[in-house]
>>> print(open('protein_26.cif').read())   # mmCIF, C-alpha atoms and all ligand atoms
data_structure
loop_
_atom_site.group_PDB
_atom_site.id
_atom_site.type_symbol
_atom_site.label_atom_id
_atom_site.label_comp_id
_atom_site.auth_asym_id
_atom_site.auth_seq_id
_atom_site.Cartn_x
_atom_site.Cartn_y
_atom_site.Cartn_z
ATOM 1 C CA MET A 165 18.205 112.448 177.668
ATOM 2 C CA THR A 166 18.276 116.263 177.395
ATOM 3 C CA PRO A 167 19.660 117.412 174.003
ATOM 4 C CA ASP A 168 22.864 119.464 174.352
ATOM 5 C CA VAL A 169 22.369 122.951 172.985
ATOM 6 C CA GLY A 170 26.100 123.823 173.184
ATOM 7 C CA TYR A 171 25.919 127.017 175.233
ATOM 8 C CA ASP A 172 29.677 127.590 174.989
ATOM 9 C CA GLN A 173 29.136 128.199 171.253
ATOM 10 C CA LEU A 174 25.998 130.338 171.745
ATOM 11 C CA ALA A 175 27.485 132.414 174.570
ATOM 12 C CA ALA A 176 28.782 135.339 172.499
ATOM 13 C CA HIS A 177 25.330 135.795 170.886
ATOM 14 C CA TYR A 178 23.074 135.017 173.825
ATOM 15 C CA HIS A 179 22.695 138.359 175.585
ATOM 16 C CA ARG A 180 21.545 140.146 172.390
ATOM 17 C CA ARG A 181 18.072 138.709 173.031
ATOM 18 C CA TYR A 182 17.653 141.225 175.858
ATOM 19 C CA ALA A 183 18.088 144.125 173.446
ATOM 20 C CA VAL A 184 14.950 142.774 171.676
ATOM 21 C CA ASN A 185 12.882 142.042 174.792
ATOM 22 C CA ARG A 186 14.096 142.551 178.361
ATOM 23 C CA LEU A 187 11.304 140.378 179.809
ATOM 24 C CA GLU A 188 10.476 142.994 182.439
ATOM 25 C CA GLY A 189 7.606 140.849 183.776
ATOM 26 C CA VAL A 190 10.108 138.199 184.848
ATOM 27 C CA ALA A 191 12.402 140.846 186.376
ATOM 28 C CA ALA A 192 9.488 142.336 188.355
ATOM 29 C CA LEU A 193 8.365 138.923 189.595
ATOM 30 C CA LEU A 194 11.874 138.088 190.879
ATOM 31 C CA ARG A 195 12.227 141.474 192.563
ATOM 32 C CA GLY A 196 8.804 141.032 194.225
ATOM 33 C CA LEU A 197 9.747 137.608 195.545
ATOM 34 C CA ALA A 198 13.118 138.844 196.862
ATOM 35 C CA ARG A 199 11.340 141.693 198.692
ATOM 36 C CA GLU A 200 8.661 139.357 200.103
ATOM 37 C CA LEU A 201 11.372 137.061 201.489
ATOM 38 C CA SER A 202 13.622 139.932 202.624
ATOM 39 C CA ALA A 203 16.161 137.947 200.628
ATOM 40 C CA VAL A 204 19.723 138.520 201.745
ATOM 41 C CA CYS A 205 21.214 135.664 199.713
ATOM 42 C CA SER A 206 19.888 134.617 196.311
ATOM 43 C CA LEU A 207 21.131 131.905 193.944
ATOM 44 C CA GLU A 208 20.339 131.571 190.255
ATOM 45 C CA VAL A 209 20.965 128.117 188.781
ATOM 46 C CA GLY A 210 21.646 128.234 185.031
ATOM 47 C CA CYS A 211 22.445 131.949 185.303
ATOM 48 C CA GLY A 212 23.869 132.253 181.781
ATOM 49 C CA THR A 213 25.049 135.782 181.045
ATOM 50 C CA GLY A 214 23.603 137.130 184.308
ATOM 51 C CA ARG A 215 20.529 139.066 183.115
ATOM 52 C CA TRP A 216 18.635 138.539 186.398
ATOM 53 C CA LEU A 217 21.465 138.764 188.918
ATOM 54 C CA ALA A 218 22.102 142.458 188.343
ATOM 55 C CA GLY A 219 18.460 143.379 189.117
ATOM 56 C CA LEU A 220 18.444 141.434 192.370
ATOM 57 C CA ALA A 221 21.847 142.759 193.466
ATOM 58 C CA ALA A 222 20.445 146.293 193.077
ATOM 59 C CA LEU A 223 18.008 145.464 195.919
ATOM 60 C CA GLY A 224 20.969 145.147 198.277
ATOM 61 C CA GLY A 225 21.345 141.412 198.913
ATOM 62 C CA SER A 226 24.184 139.138 197.827
ATOM 63 C CA VAL A 227 23.721 137.160 194.621
ATOM 64 C CA THR A 228 25.363 134.004 193.313
ATOM 65 C CA GLY A 229 25.068 132.604 189.805
ATOM 66 C CA LEU A 230 25.827 129.005 188.872
ATOM 67 C CA ASP A 231 26.126 127.658 185.352
ATOM 68 C CA TYR A 232 27.838 124.693 183.720
ATOM 69 C CA SER A 233 28.944 126.627 180.630
ATOM 70 C CA SER A 234 32.270 128.407 181.045
ATOM 71 C CA GLY A 235 31.455 130.393 177.881
ATOM 72 C CA MET A 236 28.236 131.777 179.413
ATOM 73 C CA LEU A 237 30.033 132.564 182.694
ATOM 74 C CA SER A 238 32.779 134.417 180.771
ATOM 75 C CA GLN A 239 30.102 136.530 179.089
ATOM 76 C CA ALA A 240 28.515 137.212 182.481
ATOM 77 C CA GLN A 241 31.907 138.392 183.736
ATOM 78 C CA ALA A 242 32.440 140.546 180.639
ATOM 79 C CA LEU A 243 29.026 142.154 181.305
ATOM 80 C CA ARG A 244 30.216 142.957 184.852
ATOM 81 C CA THR A 245 27.543 140.796 186.468
ATOM 82 C CA PRO A 246 27.600 141.410 190.229
ATOM 83 C CA GLY A 247 28.071 138.661 192.805
ATOM 84 C CA GLU A 248 29.854 135.350 192.771
ATOM 85 C CA LEU A 249 29.841 133.239 189.609
ATOM 86 C CA VAL A 250 30.346 129.513 190.056
ATOM 87 C CA ARG A 251 30.790 126.737 187.501
ATOM 88 C CA GLY A 252 28.719 123.676 188.417
ATOM 89 C CA GLN A 253 25.851 121.305 187.661
ATOM 90 C CA ALA A 254 22.220 121.903 188.622
ATOM 91 C CA GLY A 255 21.908 118.403 190.102
ATOM 92 C CA GLU A 256 24.840 118.814 192.493
ATOM 93 C CA LEU A 257 24.904 122.320 193.866
ATOM 94 C CA PRO A 258 28.160 123.052 195.732
ATOM 95 C CA PHE A 259 26.678 125.100 198.589
ATOM 96 C CA ALA A 260 25.851 124.490 202.255
ATOM 97 C CA ALA A 261 22.349 123.484 203.396
ATOM 98 C CA GLY A 262 20.175 126.467 204.283
ATOM 99 C CA ALA A 263 22.560 128.973 202.641
ATOM 100 C CA PHE A 264 19.949 130.833 200.524
ATOM 101 C CA ASP A 265 16.687 132.723 200.956
ATOM 102 C CA LEU A 266 15.809 132.466 197.278
ATOM 103 C CA VAL A 267 16.865 129.912 194.660
ATOM 104 C CA PHE A 268 15.618 130.506 191.135
ATOM 105 C CA CYS A 269 16.129 129.477 187.569
ATOM 106 C CA VAL A 270 14.920 131.189 184.411
ATOM 107 C CA ASN A 271 14.676 129.428 181.060
ATOM 108 C CA ALA A 272 17.068 126.749 182.206
ATOM 109 C CA LEU A 273 15.121 123.883 183.828
ATOM 110 C CA HIS A 274 14.443 122.256 180.453
ATOM 111 C CA HIS A 275 18.201 121.774 180.005
ATOM 112 C CA PHE A 276 18.818 120.031 183.328
ATOM 113 C CA PRO A 277 19.282 116.254 182.962
ATOM 114 C CA ASP A 278 17.526 115.437 186.291
ATOM 115 C CA ARG A 279 14.986 118.112 187.156
ATOM 116 C CA ALA A 280 13.526 116.355 190.218
ATOM 117 C CA ARG A 281 17.051 116.194 191.620
ATOM 118 C CA PHE A 282 17.575 119.917 191.005
ATOM 119 C CA VAL A 283 14.320 120.693 192.874
ATOM 120 C CA ALA A 284 15.467 118.505 195.789
ATOM 121 C CA GLU A 285 18.866 120.247 195.784
ATOM 122 C CA ALA A 286 17.157 123.645 195.854
ATOM 123 C CA ARG A 287 15.085 122.513 198.827
ATOM 124 C CA ARG A 288 18.288 121.514 200.663
ATOM 125 C CA LEU A 289 19.859 124.934 200.046
ATOM 126 C CA LEU A 290 16.907 126.981 201.307
ATOM 127 C CA ARG A 291 16.501 128.307 204.815
ATOM 128 C CA PRO A 292 13.069 127.712 206.413
ATOM 129 C CA GLY A 293 10.534 129.907 204.618
ATOM 130 C CA GLY A 294 12.857 130.472 201.647
ATOM 131 C CA ALA A 295 11.520 129.976 198.130
ATOM 132 C CA LEU A 296 12.319 128.213 194.884
ATOM 133 C CA CYS A 297 11.098 129.985 191.748
ATOM 134 C CA ILE A 298 11.239 128.269 188.348
ATOM 135 C CA VAL A 299 10.464 130.452 185.340
ATOM 136 C CA GLY A 300 10.143 129.016 181.881
ATOM 137 C CA LEU A 301 8.405 129.005 178.546
ATOM 138 C CA ASP A 302 5.152 127.046 178.459
ATOM 139 C CA PRO A 303 4.661 125.584 174.974
ATOM 140 C CA ARG A 304 1.304 124.143 176.169
ATOM 141 C CA ALA A 305 -0.174 127.546 177.077
ATOM 142 C CA GLN A 306 -2.630 129.339 174.847
ATOM 143 C CA PRO A 307 -1.935 131.281 172.765
ATOM 144 C CA ALA A 308 1.311 129.482 171.865
ATOM 145 C CA SER A 309 1.756 130.875 168.387
ATOM 146 C CA TRP A 310 5.322 131.304 167.249
ATOM 147 C CA TYR A 311 6.389 131.637 163.655
ATOM 148 C CA LEU A 312 9.458 129.493 164.426
ATOM 149 C CA TYR A 313 7.093 126.618 165.301
ATOM 150 C CA THR A 314 5.335 127.144 161.950
ATOM 151 C CA TYR A 315 8.342 127.350 159.662
ATOM 152 C CA PHE A 316 10.662 124.894 161.440
ATOM 153 C CA PRO A 317 8.613 121.675 161.721
ATOM 154 C CA GLY A 318 9.255 119.597 164.806
ATOM 155 C CA THR A 319 10.408 122.490 167.021
ATOM 156 C CA ARG A 320 7.098 122.703 168.936
ATOM 157 C CA GLU A 321 7.064 118.931 169.451
ATOM 158 C CA ALA A 322 10.675 119.131 170.692
ATOM 159 C CA ASP A 323 9.652 121.877 173.134
ATOM 160 C CA LEU A 324 6.681 119.837 174.369
ATOM 161 C CA ALA A 325 9.161 117.056 175.147
ATOM 162 C CA ARG A 326 11.784 119.370 176.707
ATOM 163 C CA PHE A 327 9.656 121.724 178.828
ATOM 164 C CA ALA A 328 8.061 120.162 181.907
ATOM 165 C CA SER A 329 4.401 121.036 182.408
ATOM 166 C CA VAL A 330 3.393 123.238 185.344
ATOM 167 C CA GLY A 331 1.737 120.172 186.919
ATOM 168 C CA GLN A 332 4.970 118.189 186.702
ATOM 169 C CA GLN A 333 6.960 121.017 188.300
ATOM 170 C CA LEU A 334 4.403 121.305 191.121
ATOM 171 C CA ASP A 335 4.641 117.520 191.668
ATOM 172 C CA TRP A 336 8.446 117.734 191.942
ATOM 173 C CA MET A 337 8.132 120.548 194.468
ATOM 174 C CA VAL A 338 5.596 118.692 196.598
ATOM 175 C CA ALA A 339 7.743 115.510 196.474
ATOM 176 C CA ALA A 340 10.782 117.525 197.627
ATOM 177 C CA GLY A 341 8.814 118.865 200.616
ATOM 178 C CA PHE A 342 7.932 122.362 199.431
ATOM 179 C CA GLU A 343 4.828 124.080 200.849
ATOM 180 C CA ARG A 344 2.328 126.352 199.089
ATOM 181 C CA ALA A 345 3.583 125.387 195.610
ATOM 182 C CA ALA A 346 1.665 127.436 193.041
ATOM 183 C CA TRP A 347 2.090 128.963 189.607
ATOM 184 C CA GLN A 348 1.385 132.242 187.880
ATOM 185 C CA VAL A 349 2.026 133.837 184.496
ATOM 186 C CA ALA A 350 5.342 135.713 184.622
ATOM 187 C CA GLU A 351 5.441 137.154 181.115
ATOM 188 C CA ARG A 352 3.290 137.327 178.018
ATOM 189 C CA ILE A 353 5.325 137.879 174.864
ATOM 190 C CA ASP A 354 3.247 139.306 172.042
ATOM 191 C CA GLN A 355 5.209 140.645 169.102
ATOM 192 C CA THR A 356 4.549 140.513 165.382
ATOM 193 C CA LEU A 357 7.059 141.182 162.649
ATOM 194 C CA ALA A 358 5.709 142.336 159.292
ATOM 195 C CA GLY A 359 7.135 141.144 155.989
ATOM 196 C CA ARG A 360 10.904 141.107 155.441
ATOM 197 C CA ALA A 361 11.577 142.521 158.925
ATOM 198 C CA VAL A 362 11.483 138.893 160.022
ATOM 199 C CA LEU A 363 14.809 138.267 158.268
ATOM 200 C CA GLY A 364 16.517 140.611 160.747
ATOM 201 C CA ASP A 365 15.018 138.937 163.809
ATOM 202 C CA HIS A 366 17.702 137.890 166.311
ATOM 203 C CA PHE A 367 15.589 134.853 167.213
ATOM 204 C CA LEU A 368 15.754 133.653 163.597
ATOM 205 C CA THR A 369 19.549 133.286 163.739
ATOM 206 C CA LYS A 370 20.734 129.764 164.435
ATOM 207 C CA GLN A 371 22.445 130.953 167.615
ATOM 208 C CA GLY A 372 19.439 133.038 168.664
ATOM 209 C CA THR A 373 17.363 130.308 170.330
ATOM 210 C CA SER A 374 17.912 126.774 171.563
ATOM 211 C CA GLN A 375 14.981 125.708 169.332
ATOM 212 C CA LEU A 376 17.025 126.521 166.211
ATOM 213 C CA ALA A 377 20.440 125.675 167.676
ATOM 214 C CA LEU A 378 19.248 122.082 168.098
ATOM 215 C CA LEU A 379 18.361 121.726 164.388
ATOM 216 C CA SER A 380 20.727 120.276 161.798
ATOM 217 C CA ASP A 381 22.112 122.843 159.336
ATOM 218 C CA ASP A 382 19.915 121.308 156.602
ATOM 219 C CA ALA A 383 16.740 121.572 158.698
ATOM 220 C CA TYR A 384 17.617 125.157 159.607
ATOM 221 C CA GLN A 385 18.264 126.149 155.964
ATOM 222 C CA ALA A 386 15.003 124.437 154.926
ATOM 223 C CA GLY A 387 13.077 126.550 157.451
ATOM 224 C CA LEU A 388 14.692 129.754 156.168
ATOM 225 C CA ALA A 389 13.762 128.707 152.615
ATOM 226 C CA ARG A 390 10.109 128.238 153.733
ATOM 227 C CA ILE A 391 10.074 131.768 155.123
ATOM 228 C CA GLU A 392 11.603 133.180 151.903
ATOM 229 C CA ALA A 393 8.970 131.285 149.878
ATOM 230 C CA ALA A 394 6.134 132.590 152.079
ATOM 231 C CA LEU A 395 7.443 136.156 151.671
ATOM 232 C CA ALA A 396 7.749 135.815 147.898
ATOM 233 C CA ALA A 397 4.256 134.281 147.542
ATOM 234 C CA ALA A 398 2.653 136.993 149.686
ATOM 235 C CA GLU A 399 4.495 139.790 147.869
ATOM 236 C CA ALA A 400 3.335 138.364 144.522
ATOM 237 C CA ARG A 401 -0.244 138.812 145.832
ATOM 238 C CA GLY A 402 0.571 142.340 147.033
ATOM 239 C CA GLU A 403 0.335 141.262 150.675
ATOM 240 C CA THR A 404 2.626 141.605 153.693
ATOM 241 C CA PRO A 405 2.780 138.411 155.750
ATOM 242 C CA SER A 406 2.873 138.510 159.555
ATOM 243 C CA PHE A 407 5.295 136.545 161.722
ATOM 244 C CA PRO A 408 3.886 136.374 165.270
ATOM 245 C CA THR A 409 5.602 135.486 168.529
ATOM 246 C CA ARG A 410 2.865 134.925 171.118
ATOM 247 C CA LEU A 411 4.246 132.971 174.042
ATOM 248 C CA VAL A 412 3.655 132.619 177.760
ATOM 249 C CA MET A 413 6.298 132.185 180.454
ATOM 250 C CA ASN A 414 5.148 130.708 183.755
ATOM 251 C CA ALA A 415 6.637 130.970 187.213
ATOM 252 C CA VAL A 416 6.240 128.049 189.619
ATOM 253 C CA VAL A 417 7.033 128.987 193.227
ATOM 254 C CA GLY A 418 7.263 126.808 196.341
ATOM 255 C CA TYR A 419 8.317 127.606 199.901
ATOM 256 C CA ALA A 420 10.586 125.611 202.209
ATOM 257 C CA PRO A 421 8.771 124.723 205.440
ATOM 258 C CA PRO A 422 7.916 126.014 207.902
ATOM 259 C CA TYR A 423 6.738 128.975 205.817
ATOM 260 C CA LEU A 424 4.159 130.412 208.193
ATOM 261 C CA ALA A 425 6.406 130.232 211.272
ATOM 262 C CA SER A 426 9.230 131.998 209.425
ATOM 263 C CA MET A 427 6.878 134.737 208.133
ATOM 264 C CA ARG A 428 5.640 135.369 211.701
ATOM 265 C CA ALA A 429 9.255 135.562 212.925
ATOM 266 C CA MET A 430 10.050 138.206 210.284
ATOM 267 C CA ARG A 431 7.249 140.498 211.494
HETATM 268 C C1 LIG A 501 18.522 129.624 178.083
HETATM 269 S S1 LIG A 501 19.944 129.878 179.109
HETATM 270 C C2 LIG A 501 19.243 130.890 180.397
HETATM 271 C C3 LIG A 501 20.253 131.806 181.035
HETATM 272 C C4 LIG A 501 19.657 132.799 182.040
HETATM 273 N N1 LIG A 501 18.974 132.127 183.108
HETATM 274 C C5 LIG A 501 18.702 133.735 181.358
HETATM 275 O O1 LIG A 501 17.484 133.636 181.565
HETATM 276 O O2 LIG A 501 19.183 134.602 180.601
HETATM 277 C C6 LIG A 501 20.106 128.309 179.946
HETATM 278 C C7 LIG A 501 21.368 128.238 180.804
HETATM 279 O O3 LIG A 501 21.334 127.035 181.569
HETATM 280 C C8 LIG A 501 22.662 126.519 181.631
HETATM 281 N N2 LIG A 501 22.590 125.088 181.941
HETATM 282 C C9 LIG A 501 22.108 124.112 181.162
HETATM 283 N N3 LIG A 501 22.197 122.916 181.770
HETATM 284 C C10 LIG A 501 22.756 123.140 182.983
HETATM 285 C C11 LIG A 501 23.085 122.305 184.086
HETATM 286 N N4 LIG A 501 22.854 121.004 184.058
HETATM 287 N N5 LIG A 501 23.618 122.880 185.190
HETATM 288 C C12 LIG A 501 23.855 124.221 185.223
HETATM 289 N N6 LIG A 501 23.560 125.056 184.203
HETATM 290 C C13 LIG A 501 23.010 124.533 183.101
HETATM 291 C C14 LIG A 501 23.224 126.826 180.245
HETATM 292 O O4 LIG A 501 24.635 126.790 180.221
HETATM 293 C C15 LIG A 501 22.651 128.204 179.987
HETATM 294 O O5 LIG A 501 23.519 129.225 180.429
#
>>> encode(input="protein_26.cif", output="structure tokens")
Amino acid sequence: MTPDVGYDQLAAHYHRRYAVNRLEGVAALLRGLARELSAVCSLEVGCGTGRWLAGLAALGGSVTGLDYSSGMLSQAQALRTPGELVRGQAGELPFAAGAFDLVFCVNALHHFPDRARFVAEARRLLRPGGALCIVGLDPRAQPASWYLYTYFPGTREADLARFASVGQQLDWMVAAGFERAAWQVAERIDQTLAGRAVLGDHFLTKQGTSQLALLSDDAYQAGLARIEAALAAAEARGETPSFPTRLVMNAVVGYAPPYLASMRAMR
């Protein structure tokens, strides 16, 4: 059972994360894939506030975003996200077979109740040679070092349970009939906050990340108290503690067959 983060409640806060880090590596990877496929029609599943749709629309194709949270879709509309926005579930995508050149999801797969079914649905929606791209945090990758994991016990274990490994995602793609399924690093996040600057970190707010949103209020307050205590202890020694965020986001990409025939036809 996938824990419900409550995105309708987080929606008003969600997009602020992109003022902290725009994840340009992910944006570049999606643009590169859209160009490689000469993508005319792209679909993002779990599109949230629409961060990635605008970049792809700028390349000239049509974009569609699907999400099950009406709150997130309202924010996407308020941010003037281009393309069509559709409310729906990842496991039952309301589009015709072969309708898209590119189907992708970013930071969303871990929320879907039946991921294998989503991968099979994506396969159905792709034209021959089209691609599915799944981008997400990899809590197993080195160096996974995040101060939230340190000060909020249990959050890393929860992520290990929520986030499918690269191997599992590749298995789902192969089972759904994708060709040339492979993975690459999409983004390396490496930021360190010094001392009390951590208290202003957007990702330390309870609405700032799903890791903290899933905690009880007591567990969240206890984590904040641990950070305050660490700051006070370090300051008493005349030191400034560091609060690192070193994370890796992977992209797993597979192509709908027949890939080679469709690439030859495009030349
Ligand atoms: C962490 S947000 C990512 C949003 C966007 N992709 C981004 O990278 O900014 C995850 C999104 O997945 C959506 N979501 C979760 N479960 C879903 C499901 N079963 N079907 C469709 N969307 C879902 C949530 O509503 C939320 O907007």
>>> closest_residue(input="protein_26.cif", among="A:Gly418, A:Gly229, A:Gly341, A:Pro277", to="ligand LIG 501 (chain A)", atoms="all atoms listed in the file")
A:Pro277
>>> axis_aligned_box(input="protein_26.cif", around="ligand LIG 501 (chain A)", padding_each_side="5 Å", output="lines of an AutoDock Vina configuration file")
center_x = 21.1
center_y = 127.8
center_z = 181.7
size_x = 17.2
size_y = 23.6
size_z = 17.1
>>> atom_distance(input="protein_26.cif", atom1="atom CA of Arg288 of chain A", atom2="atom CA of Cys269 of chain A")
15.5 Å
>>> closest_atom_pairs(input="protein_26.cif", of="chain A", to="ligand LIG 501 (chain A)", cutoff="9 Å", atoms="only C-alpha atoms and all ligand atoms", output="CSV")
residue,atom,partner,partner_atom,distance
A:Thr166,CA,A:LIG501,N3,8.9
A:Asp168,CA,A:LIG501,N3,8.2
A:Val169,CA,A:LIG501,C9,8.3
A:Gly170,CA,A:LIG501,O4,7.8
A:Tyr171,CA,A:LIG501,O4,5.2
A:Asp172,CA,A:LIG501,O4,7.3
A:Ala175,CA,A:LIG501,O5,7.8
A:Tyr178,CA,A:LIG501,O2,7.8
A:His179,CA,A:LIG501,O2,7.2
A:Arg181,CA,A:LIG501,O2,8.7
A:Tyr182,CA,A:LIG501,O2,8.3
A:Glu208,CA,A:LIG501,N1,7.3
A:Val209,CA,A:LIG501,C12,6.0
A:Gly210,CA,A:LIG501,O3,3.7
A:Cys211,CA,A:LIG501,N1,4.1
A:Gly212,CA,A:LIG501,O5,3.3
A:Thr213,CA,A:LIG501,O2,6.0
A:Gly214,CA,A:LIG501,C4,6.3
A:Arg215,CA,A:LIG501,O2,5.3
A:Trp216,CA,A:LIG501,C5,7.0
A:Leu230,CA,A:LIG501,C12,6.3
A:Asp231,CA,A:LIG501,N6,3.8
A:Tyr232,CA,A:LIG501,C12,4.3
A:Ser233,CA,A:LIG501,O4,4.3
A:Ser234,CA,A:LIG501,O4,7.8
A:Gly235,CA,A:LIG501,O4,8.1
A:Met236,CA,A:LIG501,O5,5.5
A:Leu237,CA,A:LIG501,O5,7.7
A:Arg251,CA,A:LIG501,C12,7.7
A:Gly252,CA,A:LIG501,C12,5.8
A:Gln253,CA,A:LIG501,N5,3.7
A:Ala254,CA,A:LIG501,N5,3.8
A:Gly255,CA,A:LIG501,N4,6.6
A:Glu256,CA,A:LIG501,N5,8.4
A:Leu257,CA,A:LIG501,N5,8.8
A:Phe268,CA,A:LIG501,N1,8.9
A:Cys269,CA,A:LIG501,N1,5.9
A:Val270,CA,A:LIG501,N1,4.4
A:Asn271,CA,A:LIG501,C2,4.8
A:Ala272,CA,A:LIG501,C6,4.1
A:Leu273,CA,A:LIG501,O3,7.3
A:His274,CA,A:LIG501,N3,7.9
A:His275,CA,A:LIG501,N3,4.5
A:Phe276,CA,A:LIG501,N4,4.2
A:Pro277,CA,A:LIG501,N4,6.0
A:Asp278,CA,A:LIG501,N4,8.0
A:Arg279,CA,A:LIG501,N4,8.9
A:Phe282,CA,A:LIG501,N4,8.8
A:Val299,CA,A:LIG501,O1,8.6
A:Gly300,CA,A:LIG501,O1,8.7
A:Thr373,CA,A:LIG501,C1,7.9
A:Ser374,CA,A:LIG501,C1,7.1
>>> resolve_selection(input="protein_26.cif", expression="the PyMOL selection byres (((chain A and resi 190-192) around 8) and not hetatm)", output="VMD selection string")
chain A and resid 187 to 189 193 to 196 216 219 299 350 to 351
>>> residues_around(input="protein_26.cif", residues="Val362 of chain A", least_positions_apart="2", cutoff="10 Å", atoms="all atoms listed in the file", output="VMD selection string")
chain A and resid 311 356 to 360 364 to 368 391 to 392 395 405 to 408
>>> resolve_selection(input="protein_26.cif", expression="the PyMOL selection byres (((chain A and resi 264) around 6) and not hetatm)", output="list in words")
Cys205, Ser206, Gly262, Ala263, Asp265, Leu266, Leu289 and Leu290 of chain A
>>> atom_distance(input="protein_26.cif", atom1="atom CA of Asp302 of chain A", atom2="atom CA of Ala386 of chain A")
25.6 Å
>>> resolve_selection(input="protein_26.cif", expression="the PyMOL selection byres (((chain A and resi 387) around 9) and not hetatm)", output="PDB file with C-alpha atoms, in the frame of the given file")
ATOM      1  CA  LEU A 312       9.458 129.493 164.426  1.00  0.00           C
ATOM      2  CA  THR A 314       5.335 127.144 161.950  1.00  0.00           C
ATOM      3  CA  TYR A 315       8.342 127.350 159.662  1.00  0.00           C
ATOM      4  CA  PHE A 316      10.662 124.894 161.440  1.00  0.00           C
ATOM      5  CA  PRO A 317       8.613 121.675 161.721  1.00  0.00           C
ATOM      6  CA  ASP A 382      19.915 121.308 156.602  1.00  0.00           C
ATOM      7  CA  ALA A 383      16.740 121.572 158.698  1.00  0.00           C
ATOM      8  CA  TYR A 384      17.617 125.157 159.607  1.00  0.00           C
ATOM      9  CA  GLN A 385      18.264 126.149 155.964  1.00  0.00           C
ATOM     10  CA  ALA A 386      15.003 124.437 154.926  1.00  0.00           C
ATOM     11  CA  LEU A 388      14.692 129.754 156.168  1.00  0.00           C
ATOM     12  CA  ALA A 389      13.762 128.707 152.615  1.00  0.00           C
ATOM     13  CA  ARG A 390      10.109 128.238 153.733  1.00  0.00           C
ATOM     14  CA  ILE A 391      10.074 131.768 155.123  1.00  0.00           C
ATOM     15  CA  GLU A 392      11.603 133.180 151.903  1.00  0.00           C
TER      16      GLU A 392
END
>>> atom_distance(input="protein_26.cif", atom1="atom CA of Phe259 of chain A", atom2="atom CA of Leu296 of chain A")
15.2 Å
>>> closest_residue(input="protein_26.cif", among="A:Val416, A:Ala260, A:Val267, A:Ala222", to="Gln348 of chain A", atoms="only C-alpha atoms")
A:Val416
>>> residues_near_point(input="protein_26.cif", point="(26.4, 140.5, 187.3)", cutoff="6 Å", atoms="only C-alpha atoms", output="VMD selection string")
chain A and resid 214 217 to 218 244 to 246
>>> write_last_selection(input="protein_26.cif", atoms="C-alpha atoms", output="compact mmCIF listing (two decimals), keeping the file's coordinate frame")
# COMPACT_ATOMS: atom_id res chain seq x y z
CA GLY A 214 23.60 137.13 184.31
CA LEU A 217 21.46 138.76 188.92
CA ALA A 218 22.10 142.46 188.34
CA ARG A 244 30.22 142.96 184.85
CA THR A 245 27.54 140.80 186.47
CA PRO A 246 27.60 141.41 190.23
>>> residues_around(input="protein_26.cif", residues="Gly293 of chain A", least_positions_apart="2", cutoff="6 Å", atoms="all atoms listed in the file", output="MDAnalysis selection string")
chainID A and resid 419:423 426
>>> residues_around(input="protein_26.cif", residues="Gly247 of chain A", least_positions_apart="6", cutoff="7 Å", atoms="all atoms listed in the file", output="ChimeraX atom specification")
/A:226-228
>>> closest_residue(input="protein_26.cif", among="A:Thr319, A:Thr404, A:Ser238, A:Gln333", to="Leu378 of chain A", atoms="all atoms listed in the file")
A:Thr319
